[in-house]
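Engineer: Quick one, query_30.cif (mmCIF, C-alpha atoms):
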data_run
loop_
_atom_site.label_atom_id
_atom_site.label_comp_id
_atom_site.auth_asym_id
_atom_site.auth_seq_id
_atom_site.Cartn_x
_atom_site.Cartn_y
_atom_site.Cartn_z
CA MET S 1 -17.05 -8.66 4.81
CA LEU S 2 -14.32 -8.20 2.25
CA ALA S 3 -14.76 -4.75 0.68
CA LYS S 4 -14.78 -4.02 -3.04
CA ARG S 5 -11.71 -1.97 -3.85
CA ILE S 6 -11.49 1.36 -5.69
CA ILE S 7 -8.13 1.88 -7.36
CA PRO S 8 -6.92 5.10 -9.01
CA CYS S 9 -4.22 4.54 -11.62
CA LEU S 10 -1.46 7.09 -12.15
CA ASP S 11 0.71 7.24 -15.26
CA VAL S 12 4.22 8.35 -14.42
CA LYS S 13 7.14 9.24 -16.65
CA ASP S 14 10.63 10.10 -15.41
CA GLY S 15 9.23 10.22 -11.87
CA ARG S 16 6.43 12.68 -12.67
CA THR S 17 2.68 12.27 -13.21
CA VAL S 18 1.86 12.50 -16.90
CA LYS S 19 -1.86 13.01 -17.31
CA GLY S 20 -3.33 16.27 -16.14
CA VAL S 21 -4.89 16.38 -12.74
CA ASN S 22 -7.47 18.74 -11.40
CA PHE S 23 -7.28 18.70 -7.64
CA VAL S 24 -7.98 22.04 -6.05
CA ASP S 25 -5.83 21.46 -3.03
CA LEU S 26 -2.77 20.09 -4.75
CA ARG S 27 0.44 22.08 -4.60
CA ASP S 28 2.18 20.16 -7.34
CA ALA S 29 -0.09 18.19 -9.65
CA GLY S 30 2.92 16.51 -11.23
CA ASP S 31 4.18 15.02 -8.01
CA PRO S 32 3.02 11.39 -7.84
CA VAL S 33 3.77 11.17 -4.13
CA GLU S 34 1.55 14.07 -3.22
CA LEU S 35 -1.18 12.79 -5.52
CA ALA S 36 -0.90 9.33 -3.98
CA TRP S 37 -1.18 10.78 -0.51
CA GLN S 38 -4.27 12.76 -1.51
CA TYR S 39 -5.93 9.65 -2.91
CA SER S 40 -5.20 7.65 0.23
CA GLU S 41 -6.69 10.46 2.32
CA GLN S 42 -9.82 10.40 0.13
CA GLY S 43 -10.30 6.69 0.78
CA ALA S 44 -8.68 5.00 -2.22
CA ASP S 45 -8.11 1.35 -1.29
CA GLU S 46 -5.00 0.83 -3.34
CA LEU S 47 -2.98 2.62 -6.03
CA VAL S 48 -1.49 1.54 -9.32
CA PHE S 49 1.44 3.39 -10.87
CA LEU S 50 2.01 2.73 -14.52
CA ASP S 51 5.56 3.68 -15.41
CA ILE S 52 5.87 4.79 -19.02
CA THR S 53 9.47 5.97 -18.69
CA ALA S 54 10.96 5.22 -22.06
CA THR S 55 14.66 4.92 -21.39
CA HIS S 56 16.53 2.53 -19.18
CA GLU S 57 18.70 5.33 -17.76
CA LYS S 58 15.68 7.07 -16.30
CA ARG S 59 14.51 3.96 -14.43
CA LYS S 60 16.32 5.19 -11.36
CA THR S 61 13.71 7.94 -11.01
CA THR S 62 11.09 5.18 -10.82
CA ILE S 63 12.92 3.47 -7.97
CA ASP S 64 13.19 6.76 -6.09
CA LEU S 65 9.50 7.31 -6.66
CA VAL S 66 8.59 3.87 -5.28
CA LYS S 67 10.68 4.53 -2.19
CA ALA S 68 9.07 7.92 -1.64
CA VAL S 69 5.57 6.47 -2.00
CA ALA S 70 6.34 3.57 0.35
CA ARG S 71 7.67 6.01 2.93
CA GLN S 72 4.70 8.34 2.86
CA VAL S 73 1.61 6.40 1.79
CA ASN S 74 -0.12 3.95 4.15
CA ILE S 75 -2.12 1.90 1.63
CA PRO S 76 -0.88 -0.82 -0.75
CA PHE S 77 0.38 0.05 -4.20
CA THR S 78 1.33 -1.73 -7.40
CA ILE S 79 3.89 -0.65 -9.94
CA GLY S 80 3.75 -1.71 -13.57
CA GLY S 81 5.65 -0.92 -16.74
CA GLY S 82 9.17 -1.82 -17.74
CA ILE S 83 9.40 -5.04 -15.73
CA ASN S 84 11.00 -7.60 -17.99
CA GLU S 85 12.98 -9.85 -15.71
CA MET S 86 13.41 -11.00 -12.12
CA ALA S 87 15.98 -8.32 -11.32
CA ASP S 88 13.57 -5.51 -12.28
CA ALA S 89 10.97 -6.90 -9.89
CA GLU S 90 13.39 -7.47 -7.03
CA VAL S 91 14.58 -3.85 -7.11
CA LEU S 92 10.97 -2.67 -6.85
CA LEU S 93 10.23 -5.09 -4.00
CA ASN S 94 13.21 -3.82 -2.05
CA ALA S 95 12.14 -0.23 -2.71
CA GLY S 96 8.84 -0.99 -0.96
CA ALA S 97 6.39 -1.88 -3.77
CA ASP S 98 3.64 -4.23 -2.53
CA LYS S 99 2.95 -5.69 -5.97
CA ILE S 100 4.25 -5.46 -9.49
CA SER S 101 2.21 -5.80 -12.62
CA ILE S 102 3.54 -7.46 -15.74
CA ASN S 103 1.93 -7.46 -19.15
CA SER S 104 3.88 -7.96 -22.40
CA ALA S 105 6.85 -9.57 -20.64
CA ALA S 106 4.56 -12.30 -19.30
CA VAL S 107 3.09 -12.98 -22.73
CA ARG S 108 6.56 -13.17 -24.29
CA ASN S 109 7.91 -15.31 -21.44
CA PRO S 110 5.13 -16.98 -19.43
CA ASP S 111 7.69 -18.67 -17.17
CA LEU S 112 8.39 -15.24 -15.68
CA ILE S 113 5.06 -15.56 -13.81
CA ASN S 114 6.17 -18.84 -12.22
CA GLN S 115 9.57 -17.46 -11.34
CA LEU S 116 8.22 -14.28 -9.77
CA ALA S 117 5.56 -16.16 -7.82
CA SER S 118 7.96 -18.69 -6.40
CA ALA S 119 10.60 -16.10 -5.50
CA PHE S 120 8.38 -13.36 -4.06
CA GLY S 121 4.97 -14.99 -3.49
CA THR S 122 1.84 -14.97 -5.63
CA GLN S 123 0.52 -11.90 -3.79
CA PHE S 124 3.32 -9.86 -5.40
CA VAL S 125 2.42 -10.74 -8.99
CA VAL S 126 -0.37 -8.96 -10.84
CA VAL S 127 -0.79 -10.00 -14.45
CA ALA S 128 -2.22 -7.14 -16.53
CA VAL S 129 -4.08 -8.11 -19.67
CA ASP S 130 -5.22 -5.76 -22.43
CA THR S 131 -8.02 -7.27 -24.46
CA ARG S 132 -9.91 -6.35 -27.61
CA LEU S 133 -12.93 -8.02 -29.22
CA ILE S 134 -12.30 -9.17 -32.79
CA GLU S 135 -14.99 -11.03 -34.72
CA GLY S 136 -16.70 -12.20 -31.58
CA LYS S 137 -13.56 -13.31 -29.74
CA ASN S 138 -11.41 -11.53 -27.19
CA TYR S 139 -7.69 -11.51 -27.97
CA VAL S 140 -4.75 -10.41 -25.83
CA HIS S 141 -3.14 -7.23 -27.15
CA LEU S 142 0.29 -5.83 -26.41
CA ARG S 143 1.81 -2.35 -26.37
CA GLY S 144 -1.26 -0.61 -24.99
CA GLY S 145 -3.63 -2.42 -27.29
CA ARG S 146 -1.77 -1.73 -30.54
CA ASP S 147 -0.41 -5.20 -31.27
CA LYS S 148 -2.83 -8.09 -31.56
CA THR S 149 -1.68 -11.55 -30.53
CA GLU S 150 -3.27 -14.87 -31.46
CA ILE S 151 -3.86 -15.67 -27.80
CA GLU S 152 -7.45 -15.76 -26.59
CA THR S 153 -7.93 -13.65 -23.48
CA GLU S 154 -9.81 -16.28 -21.47
CA HIS S 155 -7.15 -18.92 -22.14
CA TRP S 156 -4.34 -16.57 -21.22
CA ILE S 157 -5.93 -15.55 -17.94
CA LYS S 158 -6.48 -19.19 -16.94
CA GLU S 159 -2.87 -19.91 -17.80
CA ALA S 160 -1.64 -16.92 -15.80
CA GLU S 161 -3.64 -18.13 -12.78
CA ASN S 162 -2.22 -21.63 -13.09
CA ARG S 163 1.30 -20.24 -13.33
CA GLY S 164 0.95 -18.33 -10.08
CA ALA S 165 -0.53 -14.89 -10.80
CA GLY S 166 -1.95 -13.48 -7.58
CA GLU S 167 -4.35 -11.14 -9.28
CA ILE S 168 -5.54 -10.19 -12.79
CA LEU S 169 -5.92 -6.61 -14.03
CA LEU S 170 -8.11 -6.80 -17.12
CA THR S 171 -8.43 -3.75 -19.37
CA SER S 172 -10.95 -3.75 -22.19
CA MET S 173 -9.39 -1.67 -24.96
CA ASP S 174 -12.84 -1.45 -26.58
CA HIS S 175 -14.20 0.30 -23.50
CA ASP S 176 -11.09 2.20 -22.42
CA GLY S 177 -11.52 5.94 -22.91
CA THR S 178 -15.19 5.68 -23.93
CA LYS S 179 -16.63 6.52 -20.49
CA ASN S 180 -19.53 4.23 -21.34
CA GLY S 181 -18.98 1.78 -18.53
CA PHE S 182 -16.90 -1.34 -17.89
CA ASP S 183 -17.15 -4.47 -20.05
CA ASN S 184 -19.43 -6.18 -17.54
CA SER S 185 -20.25 -9.29 -19.54
CA LEU S 186 -16.61 -10.15 -20.31
CA LEU S 187 -15.61 -9.40 -16.72
CA LYS S 188 -18.35 -11.66 -15.38
CA LYS S 189 -17.37 -14.46 -17.73
CA ILE S 190 -13.71 -14.24 -16.66
CA ASN S 191 -14.51 -13.73 -12.98
CA ASP S 192 -16.64 -16.90 -12.90
CA GLN S 193 -13.70 -18.92 -14.23
CA ILE S 194 -10.91 -17.88 -11.88
CA ARG S 195 -10.28 -18.11 -8.16
CA ILE S 196 -7.90 -15.17 -7.82
CA PRO S 197 -8.98 -11.53 -7.53
CA LEU S 198 -9.97 -9.69 -10.72
CA ILE S 199 -9.56 -5.93 -11.19
CA ALA S 200 -11.82 -4.32 -13.80
CA SER S 201 -10.36 -1.56 -15.95
CA GLY S 202 -11.49 0.50 -18.94
CA GLY S 203 -14.65 2.50 -19.46
CA ALA S 204 -15.46 4.18 -16.15
CA GLY S 205 -17.38 7.40 -16.79
CA ASN S 206 -19.63 7.88 -13.80
CA GLN S 207 -20.36 6.52 -10.34
CA GLN S 208 -23.08 4.16 -11.53
CA HIS S 209 -20.57 2.37 -13.78
CA PHE S 210 -18.72 1.25 -10.69
CA ALA S 211 -21.94 0.03 -9.05
CA ASP S 212 -22.82 -1.81 -12.27
CA VAL S 213 -19.50 -3.61 -12.60
CA PHE S 214 -19.60 -4.83 -9.00
CA GLN S 215 -23.24 -5.91 -9.21
CA HIS S 216 -23.09 -7.57 -12.63
CA SER S 217 -19.67 -9.17 -12.62
CA ASN S 218 -18.79 -9.37 -8.90
CA VAL S 219 -15.17 -8.37 -9.63
CA ASP S 220 -13.02 -7.61 -6.59
CA ALA S 221 -11.83 -4.16 -7.60
CA ALA S 222 -12.35 -1.44 -10.19
CA LEU S 223 -9.63 0.79 -11.55
CA ALA S 224 -9.85 4.14 -13.30
CA ALA S 225 -7.61 7.08 -14.11
CA SER S 226 -8.95 10.26 -15.69
CA VAL S 227 -12.35 10.36 -13.94
CA PHE S 228 -10.46 10.55 -10.66
CA HIS S 229 -7.65 12.84 -11.82
CA TYR S 230 -10.03 15.42 -13.31
CA GLY S 231 -12.21 15.32 -10.23
CA GLU S 232 -15.23 14.06 -12.20
CA ILE S 233 -15.65 11.35 -9.58
CA ARG S 234 -14.68 11.94 -5.97
CA ILE S 235 -13.90 8.77 -4.07
CA PRO S 236 -15.87 9.60 -0.87
CA GLU S 237 -19.01 10.26 -2.94
CA LEU S 238 -18.42 7.20 -5.09
CA LYS S 239 -18.20 5.03 -1.99
CA GLU S 240 -21.39 6.54 -0.61
CA THR S 241 -23.17 5.71 -3.88
CA LEU S 242 -21.90 2.13 -3.73
CA ARG S 243 -22.84 1.76 -0.07
CA LYS S 244 -26.41 2.91 -0.78
CA GLN S 245 -26.71 0.15 -3.36
CA GLY S 246 -25.66 -2.50 -0.88
CA ILE S 247 -22.08 -2.90 -2.08
CA THR S 248 -19.52 -3.41 0.71
CA VAL S 249 -16.89 -0.71 0.67
CA ARG S 250 -14.40 0.49 3.23
CA MET Y 1 12.32 1.23 21.05
CA VAL Y 2 11.12 -1.57 18.79
CA GLY Y 3 13.45 -4.32 17.64
CA ILE Y 4 12.57 -6.04 14.35
CA VAL Y 5 13.67 -9.67 14.05
CA ASN Y 6 15.73 -9.66 10.86
CA TYR Y 7 15.53 -13.19 9.47
CA GLY Y 8 15.07 -12.54 5.77
CA ALA Y 9 11.40 -13.47 5.37
CA GLY Y 10 10.09 -10.72 3.15
CA ASN Y 11 10.73 -7.05 2.71
CA ILE Y 12 10.44 -4.79 5.75
CA PHE Y 13 10.71 -1.40 4.04
CA SER Y 14 6.99 -0.70 4.48
CA LEU Y 15 7.07 -1.65 8.16
CA THR Y 16 10.02 0.60 8.98
CA ALA Y 17 8.42 3.40 6.93
CA ALA Y 18 5.22 3.10 9.00
CA LEU Y 19 7.18 3.20 12.27
CA GLN Y 20 8.94 6.32 11.02
CA ARG Y 21 5.63 7.98 10.14
CA ILE Y 22 4.30 7.46 13.67
CA GLY Y 23 7.59 8.46 15.29
CA VAL Y 24 8.45 5.09 16.85
CA GLU Y 25 12.17 4.34 16.94
CA TYR Y 26 13.32 0.93 15.78
CA GLY Y 27 16.36 -1.20 15.05
CA MET Y 28 17.21 -4.67 13.79
CA ILE Y 29 17.72 -7.85 15.77
CA ASN Y 30 20.36 -10.00 14.11
CA GLN Y 31 21.79 -11.84 17.11
CA VAL Y 32 20.84 -12.76 20.66
CA SER Y 33 22.63 -9.82 22.28
CA ASP Y 34 20.49 -7.40 20.25
CA PHE Y 35 17.36 -8.29 22.26
CA ASP Y 36 18.62 -6.25 25.24
CA ARG Y 37 18.57 -3.02 23.23
CA TYR Y 38 14.79 -3.02 22.72
CA ASP Y 39 11.78 -2.98 24.99
CA ARG Y 40 9.44 -4.59 22.48
CA ILE Y 41 9.89 -6.90 19.52
CA ILE Y 42 8.24 -7.29 16.09
CA ILE Y 43 8.46 -10.51 14.08
CA PRO Y 44 7.55 -9.60 10.47
CA GLY Y 45 7.08 -12.11 7.68
CA VAL Y 46 5.75 -12.55 4.17
CA GLY Y 47 5.69 -15.70 2.07
CA HIS Y 48 5.75 -19.38 2.94
CA ALA Y 49 5.32 -20.22 6.66
CA GLY Y 50 7.39 -23.42 6.52
CA ALA Y 51 10.23 -21.64 4.74
CA ALA Y 52 10.01 -18.69 7.14
CA MET Y 53 10.24 -21.05 10.13
CA GLN Y 54 13.33 -22.65 8.61
CA LYS Y 55 14.94 -19.21 8.18
CA LEU Y 56 14.07 -18.22 11.73
CA ARG Y 57 15.65 -21.44 13.07
CA GLU Y 58 18.80 -20.69 11.10
CA THR Y 59 19.22 -17.38 12.95
CA GLY Y 60 19.55 -19.26 16.25
CA LEU Y 61 17.12 -16.82 17.90
CA VAL Y 62 14.20 -19.20 18.51
CA LYS Y 63 15.06 -20.18 22.08
CA ASP Y 64 15.42 -16.54 23.10
CA ILE Y 65 12.20 -15.46 21.40
CA LEU Y 66 10.31 -18.09 23.41
CA ARG Y 67 11.83 -16.75 26.64
CA LEU Y 68 10.92 -13.10 25.97
CA LYS Y 69 8.87 -11.29 28.60
CA LYS Y 70 8.74 -8.05 26.58
CA PRO Y 71 5.77 -7.41 24.31
CA VAL Y 72 6.15 -9.34 21.03
CA LEU Y 73 4.09 -8.67 17.89
CA GLY Y 74 4.02 -11.10 14.96
CA ILE Y 75 2.73 -9.69 11.68
CA CYS Y 76 1.18 -11.89 8.94
CA VAL Y 77 3.45 -14.94 8.57
CA GLY Y 78 5.32 -13.63 11.65
CA MET Y 79 2.05 -14.17 13.55
CA GLN Y 80 1.50 -17.62 12.08
CA LEU Y 81 4.97 -18.65 13.31
CA LEU Y 82 3.70 -18.17 16.87
CA THR Y 83 1.15 -20.97 16.41
CA ALA Y 84 1.83 -24.69 16.89
CA TYR Y 85 1.57 -25.84 13.31
CA SER Y 86 0.87 -24.72 9.74
CA GLU Y 87 -0.61 -26.67 6.89
CA GLU Y 88 1.69 -24.61 4.69
CA GLY Y 89 4.69 -26.89 4.33
CA ASN Y 90 3.24 -29.18 7.04
CA ALA Y 91 5.47 -27.29 9.47
CA ASP Y 92 5.86 -27.38 13.23
CA LEU Y 93 6.14 -23.81 14.49
CA LEU Y 94 6.97 -21.96 17.74
CA ASN Y 95 3.91 -23.22 19.66
CA VAL Y 96 3.46 -20.08 21.78
CA PHE Y 97 -0.24 -20.44 20.94
CA PRO Y 98 -1.77 -23.95 20.93
CA LEU Y 99 -3.52 -23.10 17.66
CA LYS Y 100 -3.24 -24.28 14.06
CA THR Y 101 -2.67 -22.30 10.86
CA LEU Y 102 -4.96 -23.73 8.18
CA HIS Y 103 -5.47 -23.33 4.41
CA PHE Y 104 -8.57 -21.48 3.17
CA ASP Y 105 -8.59 -23.54 -0.01
CA GLN Y 106 -10.74 -26.54 0.95
CA ARG Y 107 -12.63 -24.72 3.69
CA VAL Y 108 -14.26 -21.77 1.91
CA GLN Y 109 -15.85 -21.30 -1.50
CA LEU Y 110 -14.32 -17.84 -1.87
CA LYS Y 111 -11.27 -16.63 -3.75
CA VAL Y 112 -7.85 -17.47 -2.37
CA PRO Y 113 -5.77 -15.53 -1.35
CA HIS Y 114 -8.02 -13.48 0.89
CA MET Y 115 -6.82 -10.15 -0.49
CA GLY Y 116 -8.04 -6.67 0.27
CA TRP Y 117 -9.71 -4.71 3.05
CA ASN Y 118 -11.85 -6.61 5.52
CA SER Y 119 -13.47 -5.52 8.78
CA VAL Y 120 -12.39 -6.88 12.15
CA ARG Y 121 -13.94 -6.89 15.62
CA ALA Y 122 -11.76 -6.84 18.72
CA GLU Y 123 -12.33 -9.47 21.42
CA ASN Y 124 -11.02 -10.18 24.92
CA GLU Y 125 -10.21 -6.49 25.38
CA CYS Y 126 -7.18 -6.76 23.12
CA PRO Y 127 -5.05 -3.67 23.85
CA LEU Y 128 -3.84 -3.48 20.23
CA PHE Y 129 -7.29 -2.17 19.29
CA GLN Y 130 -7.48 0.69 21.75
CA ASP Y 131 -9.06 3.72 19.98
CA VAL Y 132 -9.83 1.53 16.95
CA PRO Y 133 -13.61 1.36 16.32
CA ASP Y 134 -15.34 -2.01 15.90
CA ASN Y 135 -15.56 -3.16 12.28
CA THR Y 136 -12.61 -1.07 11.15
CA TYR Y 137 -11.16 -2.28 7.85
CA PHE Y 138 -7.59 -3.58 7.65
CA TYR Y 139 -5.59 -4.77 4.65
CA PHE Y 140 -5.14 -8.56 4.35
CA VAL Y 141 -3.19 -10.75 1.94
CA HIS Y 142 -3.04 -14.41 2.92
CA SER Y 143 -4.05 -17.93 1.92
CA TYR Y 144 -3.65 -19.50 5.37
CA PHE Y 145 -5.51 -18.46 8.52
CA ILE Y 146 -5.32 -19.08 12.25
CA GLU Y 147 -8.36 -20.88 13.65
CA TYR Y 148 -10.72 -19.01 15.93
CA SER Y 149 -10.18 -19.43 19.67
CA GLY Y 150 -12.42 -18.12 22.43
CA GLN Y 151 -9.36 -17.87 24.65
CA TYR Y 152 -6.64 -16.47 22.38
CA THR Y 153 -8.43 -14.55 19.61
CA GLY Y 154 -7.80 -10.81 20.03
CA ALA Y 155 -9.86 -9.84 16.99
CA VAL Y 156 -12.08 -11.80 14.65
CA CYS Y 157 -12.46 -11.49 10.87
CA GLU Y 158 -14.99 -13.25 8.62
CA TYR Y 159 -13.96 -14.74 5.30
CA GLY Y 160 -16.33 -17.60 4.63
CA LEU Y 161 -15.69 -18.54 8.26
CA PRO Y 162 -14.71 -16.64 11.41
CA TYR Y 163 -10.98 -16.77 12.14
CA SER Y 164 -8.32 -14.97 14.19
CA ALA Y 165 -7.38 -11.58 12.72
CA ALA Y 166 -5.41 -11.02 15.93
CA ILE Y 167 -4.24 -13.27 18.76
CA GLN Y 168 -2.92 -12.58 22.25
CA LYS Y 169 -1.43 -14.54 25.12
CA ASP Y 170 0.56 -12.97 27.96
CA ASN Y 171 3.16 -10.73 26.28
CA PHE Y 172 2.69 -12.30 22.83
CA TYR Y 173 0.48 -10.71 20.15
CA GLY Y 174 -0.09 -11.32 16.48
CA VAL Y 175 -2.04 -9.72 13.63
CA GLN Y 176 -2.85 -11.41 10.33
CA PHE Y 177 -3.40 -8.15 8.41
CA HIS Y 178 -0.72 -5.62 7.52
CA PRO Y 179 -0.98 -2.65 9.90
CA GLU Y 180 1.75 -0.87 7.93
CA LYS Y 181 -0.56 -0.87 4.89
CA SER Y 182 -3.88 -0.35 6.66
CA GLY Y 183 -4.26 3.42 6.67
CA LYS Y 184 -4.42 5.47 9.83
CA TYR Y 185 -5.95 2.70 11.99
CA GLY Y 186 -3.09 0.43 11.04
CA GLU Y 187 -0.74 3.11 12.27
CA GLN Y 188 -2.84 3.46 15.44
CA LEU Y 189 -2.44 -0.27 16.07
CA LEU Y 190 1.35 -0.04 15.74
CA LEU Y 191 1.31 2.95 18.07
CA ASN Y 192 -0.80 0.98 20.56
CA PHE Y 193 1.73 -1.85 20.47
CA SER Y 194 4.56 0.63 21.12
CA ARG Y 195 2.72 1.71 24.30
CA ILE Y 196 1.67 -1.67 25.74
#
Could you render the structure from this file as structure tokens?

Structural biologist:
Amino acid sequence: MLAKRIIPCLDVKDGRTVKGVNFVDLRDAGDPVELAWQYSEQGADELVFLDITATHEKRKTTIDLVKAVARQVNIPFTIGGGINEMADAEVLLNAGADKISINSAAVRNPDLINQLASAFGTQFVVVAVDTRLIEGKNYVHLRGGRDKTEIETEHWIKEAENRGAGEILLTSMDHDGTKNGFDNSLLKKINDQIRIPLIASGGAGNQQHFADVFQHSNVDAALAASVFHYGEIRIPELKETLRKQGITVR
Amino acid sequence: MVGIVNYGAGNIFSLTAALQRIGVEYGMINQVSDFDRYDRIIIPGVGHAGAAMQKLRETGLVKDILRLKKPVLGICVGMQLLTAYSEEGNADLLNVFPLKTLHFDQRVQLKVPHMGWNSVRAENECPLFQDVPDNTYFYFVHSYFIEYSGQYTGAVCEYGLPYSAAIQKDNFYGVQFHPEKSGKYGEQLLLNFSRI
């Protein structure tokens, strides 16, 4: 049976990991390649790198990072952040990235999804969506949840699917950072409406939250950052917890 | 030494990286004379099967691939090219295997593409799976699948229906999943192929 995926997300800036990490056996906690390798050894199913490098000049460090990860890590990985046009994506593909994730650029220019999908295949295109609940409705937000748009989240996700997104990464900004669990009801509602994989993000605080999101919403994957980086949740133990509750994991 | 058929269907960085990690030497096959330099051949491939077949024809290598007696491994779309026909682009393919490549869309109720880690079970003593336990998970990304065959299936996977995760016939092999992205057992499979 197809396994539910557990995905650690790493923020990188200028080729280095940004958020603190707390792995006992890590020589260099700022080295994304070593961290990625550790996660793959622990049983992570996939990795997401979110590049928050601010300047265009420093983008080369990102390309070098992608190459280094592709050389050394034997599980799939996605890179997001700073992808605004076809050329940005093509460079990452050639450097060995399995998928790219696009967020604001897709909202500003939805045709980019079609173009990327037809040039590189739908499997290469993850559309990341940041959502926030306002007066009973979920709206797409940009710039890490700071800028509200008038686009309803459900409509946007359907549109992204129709345009050729291979996967959706949905982050609830209301849940992100709270450690109170994923937004299971929204995730279920979205998951029931689409026929491409959905990755849940935002709110993971403990192992049971992962069990809950898979059981309640049946999403394909769950992503988290700090709970993994600080060692609050260890992937082998998390998978054991999920397995005991009848959830298929690798 | 492994020769990789270089016909422009998808990126091969991850494949060459995996071969490097397991210490298997490799090179590229761009023209017919290159076949002599290698004792086994990999046909990679990502994307649209019909388009990939067109690109492979344009290289002029098809006739020589069909004549190969060395071990040949098709990966993902590279495997599908070894079948007779694909519903993707309604394309006639190499016909090494008298099997069809079909779309999941109308045949299963599940999400398409089939994306992620799924377990496979080796059949017909497929040598690719030596030292790989039954029900090991491999990483898949595909919307089209090769039908199950009692004779040619080398490993079976279930996604709404049982289908061929691996196929074998004489010196020809294929895997639908991506061994280069499938952790240590993916690397084991590539190593097994390098020793067939």

Engineer: S:Glu41, S:Asp192, S:Asp176, S:Asp212: which is nearest Y:Lys184, counting only C-alpha atoms?

Structural biologist: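 Ranked by minimum distance to Y:Lys184, first place goes to S:Glu41.
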
Engineer: Box in all listed atoms of stretch 90-102 of chain Y, axis-aligned, with 6 Å more on each side; write out centre and edge lengths in Å to one decimal as JSON.

Structural biologist:
{"center_x": 1.0, "center_y": -24.6, "center_z": 14.4, "size_x": 23.9, "size_y": 21.1, "size_z": 26.7}

Engineer: Evaluate the PyMOL selection byres ((chain Y) within 10 of (chain S)) and record the selected residues as a PyMOL selection string, following the chain and residue labels used in the document.

Structural biologist: chain Y and resi 9-21+46-48+105+109-120+135-143+157-160+178-187

Engineer: Would you mind reading off the distance between atom CA of S:Asn206 and atom CA of S:Asp174, one decimal, in Å?

Structural biologist: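 One can read the atom CA of S:Asn206 to atom CA of S:Asp174 distance as 17.2 Å.
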
Engineer: Quick one, how far is atom CA of S:Gly202 from atom CA of S:Cys9?

Structural biologist: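 Interatomic distance here is 11.1 Å.
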
Engineer: May I have the residues within 10 Å of Y:Ile196 as a list of chain:residue names, using only C-alpha atoms and disregarding those fewer than 6 positions away in the same chain?

Structural biologist: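 Within the cut-off, the hits are Y:Arg40, Y:Lys70, Y:Pro71, Y:Pro127, Y:Leu128, Y:Asn171.
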
Engineer: Let's have the selection written as a PDB file, keeping the file's coordinate frame, with C-alpha atoms.

Structural biologist:
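out_37.pdb written:
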ATOM      1  CA  ARG Y  40       9.440  -4.590  22.480  1.00  0.00           C
ATOM      2  CA  LYS Y  70       8.740  -8.050  26.580  1.00  0.00           C
ATOM      3  CA  PRO Y  71       5.770  -7.410  24.310  1.00  0.00           C
ATOM      4  CA  PRO Y 127      -5.050  -3.670  23.850  1.00  0.00           C
ATOM      5  CA  LEU Y 128      -3.840  -3.480  20.230  1.00  0.00           C
ATOM      6  CA  ASN Y 171       3.160 -10.730  26.280  1.00  0.00           C
TER       7      ASN Y 171
END

Engineer: Using only C-alpha atoms, find the one residue out of S:Val33, S:Met173, S:Ala224, S:Leu242 that sits nearest to S:Asp147.

Structural biologist: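 Nearest candidate to S:Asp147 out of S:Val33, S:Met173, S:Ala224, S:Leu242: S:Met173.
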
Engineer: Given the choices Y:Met28, Y:Ile22, Y:Ala91, Y:Val72, which gets closest to Y:Ala52 if the distance is worked out from all atoms listed in the file?

Structural biologist: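 Going through Y:Met28, Y:Ile22, Y:Ala91, Y:Val72 one by one, the smallest distance to Y:Ala52 is for Y:Ala91.
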
Engineer: What is the distance between atom CA of S:Leu112 and atom CA of S:Asp88, in Å to one decimal?

Structural biologist: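 The value is 11.5 Å.
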
Engineer: Go through S:Lys239, S:His229, S:Lys137, S:Lys244 and flag the residue nearest S:Pro32, using only C-alpha atoms for the distances.

Structural biologist: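 Looking at the shortest contact to S:Pro32, the residue is S:His229.
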
Engineer: For the PyMOL selection byres ((chain Y and resi 7) around 12), applied here, can you spell out every residue it catches as JSON, numbers by chain?

Structural biologist: {"Y": [4, 5, 6, 8, 9, 10, 11, 12, 28, 29, 30, 31, 42, 43, 44, 45, 46, 51, 52, 53, 54, 55, 56, 57, 58, 59, 60, 61, 62, 78]}

Engineer: Between Y:Glu125, Y:Asp36, Y:Glu88, Y:Asp64, which is the closest to Y:Gln151 once you count all atoms listed in the file?

Structural biologist: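 Nearest to Y:Gln151: Y:Glu125.
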
Engineer: Tell me, as a ChimeraX atom specification, which residues lie within 12 Å of S:Lys13, counting all atoms listed in the file; anything in the same chain fewer than 3 positions away does not count.

Structural biologist: /S:10,16-19,30-32,49-56,58-63,65,80-82

Engineer: Please write as a PyMOL selection string the full residue list that the PyMOL selection byres ((chain S and resi 201) around 9) yields on this file.

Structural biologist: chain S and resi 169-172+175-176+182-183+199-200+202-204+221-224

Engineer: Quick one: write out the picked residues with C-alpha atoms as a CSV table (one decimal), in the coordinates of the input?

Structural biologist:
chain,number,residue,atom,x,y,z
S,169,LEU,CA,-5.9,-6.6,-14.0
S,170,LEU,CA,-8.1,-6.8,-17.1
S,171,THR,CA,-8.4,-3.8,-19.4
S,172,SER,CA,-11.0,-3.8,-22.2
S,175,HIS,CA,-14.2,0.3,-23.5
S,176,ASP,CA,-11.1,2.2,-22.4
S,182,PHE,CA,-16.9,-1.3,-17.9
S,183,ASP,CA,-17.2,-4.5,-20.0
S,199,ILE,CA,-9.6,-5.9,-11.2
S,200,ALA,CA,-11.8,-4.3,-13.8
S,202,GLY,CA,-11.5,0.5,-18.9
S,203,GLY,CA,-14.6,2.5,-19.5
S,204,ALA,CA,-15.5,4.2,-16.2
S,221,ALA,CA,-11.8,-4.2,-7.6
S,222,ALA,CA,-12.4,-1.4,-10.2
S,223,LEU,CA,-9.6,0.8,-11.6
S,224,ALA,CA,-9.8,4.1,-13.3
